[in-house]
Structures are given as structure tokens and as C-alpha cells.
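Undergrad: Starting off with a structure, shown below.
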Amino acid sequence: MRTAKKIIPIQALDSGRYGQSRLLHDGSVKVREQELAELLRELENEEPITRLLHPEVRYEVTDHCNATCIMCPRDKHEHGREHGVMDQVKYEKSIDEVVALGAKKVVLTGFGESMLDRRLEDKIAYAHGKGLSTYFITNGSALTPKRARRLMESGLSEMRVSFYGMRPETYNAVMQGLDFDRTMKGILEFLRVRDEIGARTKVQISYLELPENKSDTQAFREYWEPKVDAIEIWKPHNFGDGRDYRARLDDSHKTSCGRPENGPLQIQWNGEVIACCYDYNNQIILGNAFETPVLEILNCEKYRLLRYAHRVKRFSMFPYCNQCDQLLPHADALVYTNRHNLPPEEAVKLSNTDLYNLADGKQLEADRLSERYREKGV
């Protein structure tokens, strides 16, 4: 008689896992106990949040990936947290909730390849049916004409493809596990099908300039700029504690990235809410949106404390935030964009998905967008 296999998660699940006392003492907060109690009492008097802070909600539909790109800390993620695919029923219930709280856009991407979720099109269609703009980021390796058609027919508003090389030897060296020719063919087929069926799905191609592919930067721009709705070229970031491309610990120049105050709600595949997408291993868990109402999470003690720490620049209260390169000036990170006409020092304040100014808490004005990008709407 065969015995069914047991699936053992990295962390044991239990009913008290997302209680505030436990989350405040899970190692992600560094404040003496007496001061913590005093701060929490003070923060109780803050005006409660009654709507989403940002009209975008991000759903990590899966954290699985079919690539091991060199700039991505997938090696540190393998045993860093539980892995899986977001449950469709829980997702739909969450969509209903955030729509009522003012959501206008969903980004179906976290730390993983979204197209590995076989129900991605169902998730897009459900959000589209609720009047939401839909967006996801992909490496493009799973694009086929059939899948392209299904994505666009489901109501996909925009797709961003990460494409980091213009020759097999450079692309394959950076995006390890993928194949240059297959991905190139898939993207071009998507564009062909889009034109064939008259879909209005925007396509953006993104490039990270690394030592391994810098020789291809100009070729990337020349090839893709005439073909797609937008391109962007960036220098790599550290991905939290995952890599070391940028300086980290210059305390004299740190300022808030704006994400705790004005950033999109980030819901991971199992419902865990984290502060931002750079937290690829869920180091700062604020609650679980599949178990607790969103407004309760936004007004919880830990989230209030995180926003306070950023407002008063006491980043050391949250060590994971404290070492993040997003707290430091990084205008040089943007190499080129044709999405808008902002100078780099302003552009780096924006969420790269909906161009929302995270520092000032406001949407980018439509007249700052390029005419080509603006043609199909935001």
C-alpha cells in the first residue's frame, strides 16, 4: 500500500502566526521593549486609514521561476520562505475587497515568473471584470501565440518583459536557464498577434545594464524602441539584501523611499502582506490579507510603526529597511526611458509599474508621459 507524500512547509503554519505581538517580535523590529510600548501607545492616536494609500495593489501570483538570472537573489530565496501559487478563490475575494477600498490597478507579479501560474489569465479576467487595469512582469520565455491570445483576450492592459541581452552569448549569460532565440520569437509573436486581433495591450521591454551585457545596450535600444510601446534601461539595484550593486550604509544621506507611506499594497502568494517588492523573502511581514481585512492590516501596530520609522528617519528600527539602497540617492540608476520626460532624479521617485510618485504620494500627470506611451491609455 502506497503512502501519500507529505508536503512540509519551510515554516510550520499555526493560527497565531499573524498576531501583532508575534509579528512585532519576529526579529524584524529592533526597538527596546519599553520604548516599543511607548511608541505604540502614541501611534494609537493617529488618524485611521480608511482607503488604500495607493490605487495599485500587487499580487505575487507565484514565487516560482524558471530562470536563475545572475542579478536576482534566487539562490537566497530557495530556502528563504514557503513557495507556491496563489489560490484563485482567495485572490478573487481579495480583489473584491480592494476594489471597495479604491483599487484601480493590479500588478500580478512578485518574486517569480507570473506565467508559471496556469490560472494567470483567470486572475487577469477577474480583475478586468471588476474594472481594474491589469499589468504583469515576465521574462517572456513562456510566450506562445496561443498564450499571447489568451492573455490579451482576458483583458490584459500592459505587459513588461525583462530582456537582458541582444545576443545569445550575453542574454544566456545573464538570464541563465532561458534561451535567447525562444524568448525573442515569443515576444515578436505576441506583438504580431496583438496587431492581428487589434488588442490594446501595451508592451514595455525593460533592460538592466550589467557588466555582462553593457556592450548590447545601444543595440537593445535601436532594436526594441521602434517595435514596442515603451522601453527602459536601468542599472541594477541590490534587491534588498540580495546583491551588492549599490552602496548601502551612508546614514548621512538616507531618506524614506516613500513605500510604507505611499507605496502599493504588496500581497504575496500565500496572502502575507509585506512593505514592498524588494523584500523577496518576506522579512517584514505586516499581516495576512487572506486572513485579516486589509484596513485592519494598514492600521495595525507594526504597519504604523514602519510608517513612523520612515517619517522620522529612524530606519534602524527596521534593519531590513536600514540596509536598502532605495533609501539613498540613486538618480544614476536610470539610463534611459521613453515612457515620460522626467529628469532622472525625479524619475527614480516613481513606482515603475504605475508611475506613481512614492515620495510625494501622487500620480504622474498625463502630460509628462510620452505621446506614444499615452496613446493606449495608462
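Each chain in the C-alpha cells gets a letter, A, B and so on, in the order shown; residues start at 1 in every chain, and ligands are counted from 1 in the order they appear.
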I need the residues in range 16-96 of chain A that are alpha helix (DSSP H) according to DSSP; give them as a ChimeraX atom specification.
TA: /A:20-24,33-43,74-77,88-96
Undergrad: Got a sec: who's within 12 Å of Leu36 in chain A, counting only C-alpha atoms, leaving out chain neighbours fewer than 6 positions off, as JSON, numbers by chain?
TA: {"A": [21, 24, 25, 29, 30, 42, 43, 301, 302, 304, 305, 306, 308, 309, 317]}
Undergrad: Excluding Ala127 in chain A and its own-chain neighbours fewer than 3 positions away, which residues fall within 10 Å of it when counting only C-alpha atoms? Please give them as a ChimeraX atom specification.
TA: /A:91-92,95-96,99,104-106,121-124,130-134,154-156
Undergrad: Residues within 10 Å of His310 in chain A, please, as a PyMOL selection string. Count only C-alpha atoms; anything in the same chain fewer than 2 positions from it doesn't count.
TA: chain A and resi 255-261+305-308+312-318+321-322+327
Undergrad: Run DSSP on the backbone of this structure and report the residues of range 223-371 of chain A it assigns to strand (DSSP E or B), as an NGL selection string.
TA: :A and (230-234 or 265-267 or 272-274 or 285-288 or 334-337 or 340 or 350 or 356-357 or 362-363 or 369)
Undergrad: Tell me, in Å to one decimal, how far CA of Met159 in chain A is from CA of Asp325 in chain A.
TA: 26.3 Å
Undergrad: Which of these residues is nearest to Pro226 in chain A, using only C-alpha atoms: A:Val61, A:Arg372, A:Phe136, A:Trp269?
TA: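 Selected residue with least distance to Pro226 in chain A: A:Arg372.
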Undergrad: So which residues touch range 213-220 of chain A within 9 Å, counting only C-alpha atoms, skipping near sequence neighbours fewer than 3 positions away, as a list in words?
TA: Phe163, Tyr164, Gly165, Met166, Arg167, Thr170, Tyr171, Ala173, Val174, Tyr207, Leu208, Glu209, Leu210, Tyr223, Trp224, Glu225 and Ile233 of chain A
Undergrad: Write a file of the just-selected residues containing N, CA and C atoms, as an mmCIF file, in the first residue's frame.
TA:
```cif
data_model
loop_
_atom_site.group_PDB
_atom_site.id
_atom_site.type_symbol
_atom_site.label_atom_id
_atom_site.label_comp_id
_atom_site.auth_asym_id
_atom_site.auth_seq_id
_atom_site.Cartn_x
_atom_site.Cartn_y
_atom_site.Cartn_z
ATOM 1 N N PHE A 163 14.313 41.732 -20.650
ATOM 2 C CA PHE A 163 15.077 41.144 -21.752
ATOM 3 C C PHE A 163 16.487 41.712 -21.696
ATOM 4 N N TYR A 164 17.417 40.917 -21.133
ATOM 5 C CA TYR A 164 18.708 41.455 -20.726
ATOM 6 C C TYR A 164 19.873 40.960 -21.591
ATOM 7 N N GLY A 165 19.801 41.210 -22.877
ATOM 8 C CA GLY A 165 20.890 40.853 -23.785
ATOM 9 C C GLY A 165 20.384 40.835 -25.209
ATOM 10 N N MET A 166 21.231 41.170 -26.159
ATOM 11 C CA MET A 166 20.807 41.204 -27.557
ATOM 12 C C MET A 166 21.534 40.181 -28.418
ATOM 13 N N ARG A 167 22.275 39.303 -27.785
ATOM 14 C CA ARG A 167 22.924 38.182 -28.469
ATOM 15 C C ARG A 167 22.791 36.963 -27.572
ATOM 16 N N THR A 170 25.280 36.932 -24.599
ATOM 17 C CA THR A 170 25.072 37.878 -23.495
ATOM 18 C C THR A 170 23.770 37.566 -22.764
ATOM 19 N N TYR A 171 22.693 37.370 -23.509
ATOM 20 C CA TYR A 171 21.392 37.073 -22.901
ATOM 21 C C TYR A 171 21.459 35.810 -22.049
ATOM 22 N N ALA A 173 23.973 34.404 -20.713
ATOM 23 C CA ALA A 173 24.886 34.529 -19.569
ATOM 24 C C ALA A 173 24.212 35.237 -18.406
ATOM 25 N N VAL A 174 23.309 36.179 -18.708
ATOM 26 C CA VAL A 174 22.612 36.933 -17.659
ATOM 27 C C VAL A 174 21.345 36.213 -17.211
ATOM 28 N N TYR A 207 15.410 46.677 -19.689
ATOM 29 C CA TYR A 207 16.799 46.206 -19.782
ATOM 30 C C TYR A 207 17.561 46.614 -18.538
ATOM 31 N N LEU A 208 18.317 45.701 -17.980
ATOM 32 C CA LEU A 208 19.247 46.008 -16.901
ATOM 33 C C LEU A 208 20.654 45.978 -17.472
ATOM 34 N N GLU A 209 21.361 47.078 -17.313
ATOM 35 C CA GLU A 209 22.720 47.171 -17.850
ATOM 36 C C GLU A 209 23.710 46.637 -16.823
ATOM 37 N N LEU A 210 24.323 45.524 -17.154
ATOM 38 C CA LEU A 210 25.278 44.831 -16.290
ATOM 39 C C LEU A 210 26.627 44.733 -16.998
ATOM 40 N N TYR A 223 16.942 48.265 -31.463
ATOM 41 C CA TYR A 223 16.079 47.191 -31.966
ATOM 42 C C TYR A 223 14.653 47.300 -31.430
ATOM 43 N N TRP A 224 14.514 47.520 -30.109
ATOM 44 C CA TRP A 224 13.196 47.430 -29.495
ATOM 45 C C TRP A 224 12.411 48.737 -29.502
ATOM 46 N N GLU A 225 13.077 49.875 -29.499
ATOM 47 C CA GLU A 225 12.328 51.136 -29.388
ATOM 48 C C GLU A 225 11.299 51.328 -30.505
ATOM 49 N N ILE A 233 15.852 51.443 -19.643
ATOM 50 C CA ILE A 233 17.163 50.860 -19.378
ATOM 51 C C ILE A 233 17.616 51.347 -18.008
#
```
Undergrad: Sort by chain and increasing residue number a table of all residues of range 300-367 of chain A within 12 Å of range 188-204 of chain A, each with its closest pair of atoms and their distance in Å to one decimal, counting only C-alpha atoms, and write it as CSV.
TA:
```
residue,atom,partner,partner_atom,distance
A:Thr337,CA,A:Gln204,CA,10.5
A:Asn338,CA,A:Gln204,CA,10.1
A:Arg339,CA,A:Gln204,CA,9.1
A:Asn352,CA,A:Gln204,CA,11.2
A:Thr353,CA,A:Gln204,CA,10.5
```
Undergrad: For C-alpha atoms, I'd like the residues from the last selection saved as a short mmCIF file (atom, residue, chain, number, x, y, z; two decimals), in the first residue's frame.
TA:
```cif
data_model
loop_
_atom_site.label_atom_id
_atom_site.label_comp_id
_atom_site.auth_asym_id
_atom_site.auth_seq_id
_atom_site.Cartn_x
_atom_site.Cartn_y
_atom_site.Cartn_z
CA THR A 337 13.33 55.79 -20.73
CA ASN A 338 10.87 56.83 -23.41
CA ARG A 339 7.80 56.49 -21.15
CA ASN A 352 7.94 51.59 -12.09
CA THR A 353 4.55 49.95 -12.64
#
```
Undergrad: Quick one: everything within 9 Å of range 245-247 of chain A, counting only C-alpha atoms, minus sequence neighbours fewer than 6 positions away in the same chain. Send it as a JSON list (two decimals) with all heavy atoms, in the first residue's frame.
TA:
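Contents of the output file out_32.json:
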```json
[["chain", "number", "residue", "atom", "x", "y", "z"],
["A", 71, "MET", "N", 21.53, 38.63, -11.55],
["A", 71, "MET", "CA", 21.32, 39.79, -10.67],
["A", 71, "MET", "C", 20.19, 39.54, -9.67],
["A", 71, "MET", "O", 19.93, 40.38, -8.81],
["A", 71, "MET", "CB", 21.03, 41.05, -11.48],
["A", 71, "MET", "CG", 19.70, 41.08, -12.17],
["A", 71, "MET", "SD", 19.65, 39.94, -13.57],
["A", 71, "MET", "CE", 17.89, 39.81, -13.79],
["A", 235, "LYS", "N", 20.28, 50.60, -14.40],
["A", 235, "LYS", "CA", 21.37, 49.88, -13.75],
["A", 235, "LYS", "C", 20.76, 49.04, -12.64],
["A", 235, "LYS", "O", 19.71, 49.38, -12.10],
["A", 235, "LYS", "CB", 22.39, 50.87, -13.19],
["A", 235, "LYS", "CG", 23.13, 51.66, -14.27],
["A", 235, "LYS", "CD", 24.11, 52.65, -13.67],
["A", 235, "LYS", "CE", 24.79, 53.47, -14.76],
["A", 235, "LYS", "NZ", 25.71, 54.49, -14.18],
["A", 236, "PRO", "N", 21.38, 47.94, -12.25],
["A", 236, "PRO", "CA", 20.76, 47.03, -11.28],
["A", 236, "PRO", "C", 20.71, 47.60, -9.87],
["A", 236, "PRO", "O", 21.54, 48.42, -9.48],
["A", 236, "PRO", "CB", 21.66, 45.80, -11.34],
["A", 236, "PRO", "CG", 22.99, 46.33, -11.74],
["A", 236, "PRO", "CD", 22.69, 47.46, -12.70],
["A", 237, "HIS", "N", 19.72, 47.16, -9.11],
["A", 237, "HIS", "CA", 19.62, 47.50, -7.69],
["A", 237, "HIS", "C", 20.04, 46.29, -6.86],
["A", 237, "HIS", "O", 20.31, 45.20, -7.40],
["A", 237, "HIS", "CB", 18.19, 47.95, -7.34],
["A", 237, "HIS", "CG", 17.13, 46.94, -7.69],
["A", 237, "HIS", "ND1", 16.93, 45.78, -6.96],
["A", 237, "HIS", "CD2", 16.23, 46.92, -8.69],
["A", 237, "HIS", "CE1", 15.94, 45.10, -7.49],
["A", 237, "HIS", "NE2", 15.50, 45.75, -8.55],
["A", 238, "ASN", "N", 20.07, 46.44, -5.56],
["A", 238, "ASN", "CA", 20.57, 45.38, -4.68],
["A", 238, "ASN", "C", 19.54, 44.31, -4.37],
["A", 238, "ASN", "O", 19.89, 43.26, -3.84],
["A", 238, "ASN", "CB", 21.06, 45.96, -3.35],
["A", 238, "ASN", "CG", 22.33, 46.77, -3.51],
["A", 238, "ASN", "OD1", 23.00, 46.71, -4.54],
["A", 238, "ASN", "ND2", 22.64, 47.56, -2.50],
["A", 324, "CYS", "N", 18.78, 49.00, 2.87],
["A", 324, "CYS", "CA", 18.28, 49.01, 1.49],
["A", 324, "CYS", "C", 18.80, 50.20, 0.70],
["A", 324, "CYS", "O", 18.80, 51.34, 1.19],
["A", 324, "CYS", "CB", 16.75, 49.03, 1.50],
["A", 324, "CYS", "SG", 16.02, 48.94, -0.15],
["A", 325, "ASP", "N", 19.21, 49.97, -0.53],
["A", 325, "ASP", "CA", 19.76, 51.05, -1.36],
["A", 325, "ASP", "C", 18.71, 52.07, -1.78],
["A", 325, "ASP", "O", 19.04, 53.16, -2.23],
["A", 325, "ASP", "CB", 20.46, 50.48, -2.60],
["A", 325, "ASP", "CG", 19.53, 49.67, -3.50],
["A", 325, "ASP", "OD1", 18.48, 50.20, -3.90],
["A", 325, "ASP", "OD2", 19.86, 48.52, -3.80],
["A", 328, "LEU", "N", 18.89, 55.69, -0.38],
["A", 328, "LEU", "CA", 19.99, 56.57, -0.78],
["A", 328, "LEU", "C", 19.74, 57.18, -2.16],
["A", 328, "LEU", "O", 19.01, 56.60, -2.97],
["A", 328, "LEU", "CB", 21.30, 55.79, -0.79],
["A", 328, "LEU", "CG", 21.77, 55.28, 0.57],
["A", 328, "LEU", "CD1", 22.90, 54.28, 0.41],
["A", 328, "LEU", "CD2", 22.21, 56.44, 1.45],
["A", 330, "HIS", "N", 19.83, 57.81, -5.92],
["A", 330, "HIS", "CA", 20.22, 56.88, -6.97],
["A", 330, "HIS", "C", 19.71, 57.33, -8.34],
["A", 330, "HIS", "O", 19.22, 56.54, -9.15],
["A", 330, "HIS", "CB", 19.72, 55.46, -6.65],
["A", 330, "HIS", "CG", 18.25, 55.33, -6.36],
["A", 330, "HIS", "ND1", 17.70, 55.72, -5.17],
["A", 330, "HIS", "CD2", 17.23, 54.86, -7.11],
["A", 330, "HIS", "CE1", 16.40, 55.49, -5.19],
["A", 330, "HIS", "NE2", 16.08, 54.98, -6.36]]
```
Undergrad: Just the number, please: distance in Å from CA of Val335 in chain A to CA of Ser206 in chain A, one decimal.
TA: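 Between these atoms lies a distance of 11.2 Å.
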Undergrad: Hey, what's within 10 Å of Asp354 in chain A if we count only C-alpha atoms and toss same-chain stuff fewer than 4 positions away? As a PyMOL selection string, please?
TA: chain A and resi 55-56+105-107+133+135+264+350+363-364+378
Undergrad: Pull C-alpha atoms from the residues just selected and write them as an mmCIF file, in the first residue's frame.
TA:
```
data_model
loop_
_atom_site.group_PDB
_atom_site.id
_atom_site.type_symbol
_atom_site.label_atom_id
_atom_site.label_comp_id
_atom_site.auth_asym_id
_atom_site.auth_seq_id
_atom_site.Cartn_x
_atom_site.Cartn_y
_atom_site.Cartn_z
ATOM 1 C CA PRO A 55 -4.550 52.915 -6.036
ATOM 2 C CA GLU A 56 -2.423 49.947 -7.097
ATOM 3 C CA LYS A 105 -4.862 48.727 -10.903
ATOM 4 C CA VAL A 106 -3.436 45.301 -10.088
ATOM 5 C CA VAL A 107 0.083 44.113 -10.823
ATOM 6 C CA SER A 133 -6.242 47.933 -15.076
ATOM 7 C CA TYR A 135 -0.284 44.518 -15.549
ATOM 8 C CA PRO A 264 1.174 49.900 -3.322
ATOM 9 C CA LEU A 350 8.204 56.729 -9.238
ATOM 10 C CA GLN A 363 0.088 60.084 -9.758
ATOM 11 C CA LEU A 364 2.309 61.342 -12.571
ATOM 12 C CA VAL A 378 -2.487 54.447 -18.653
#
```
Undergrad: Let me make sure I understand: among A:Leu298, A:Leu53, A:Cys72, A:Ile187, which one has the smallest atom-to-atom distance to Arg243 in chain A if we use only C-alpha atoms?
TA: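 Closest residue, counting only C-alpha atoms: A:Cys72.
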Undergrad: Nearest to Pro168 in chain A among A:Arg182, A:Arg41, A:His128, A:Lys90, with distances taken over only C-alpha atoms: which residue is it?
TA: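 Checking each of A:Arg182, A:Arg41, A:His128, A:Lys90 against Pro168 in chain A, counting only C-alpha atoms, the winner is A:Arg182.
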Undergrad: May I ask for the distance between CA of Ser351 in chain A and CA of Gln326 in chain A, given in Å to one decimal place?
TA: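 According to the coordinates, CA of Ser351 in chain A and CA of Gln326 in chain A are separated by 11.8 Å.
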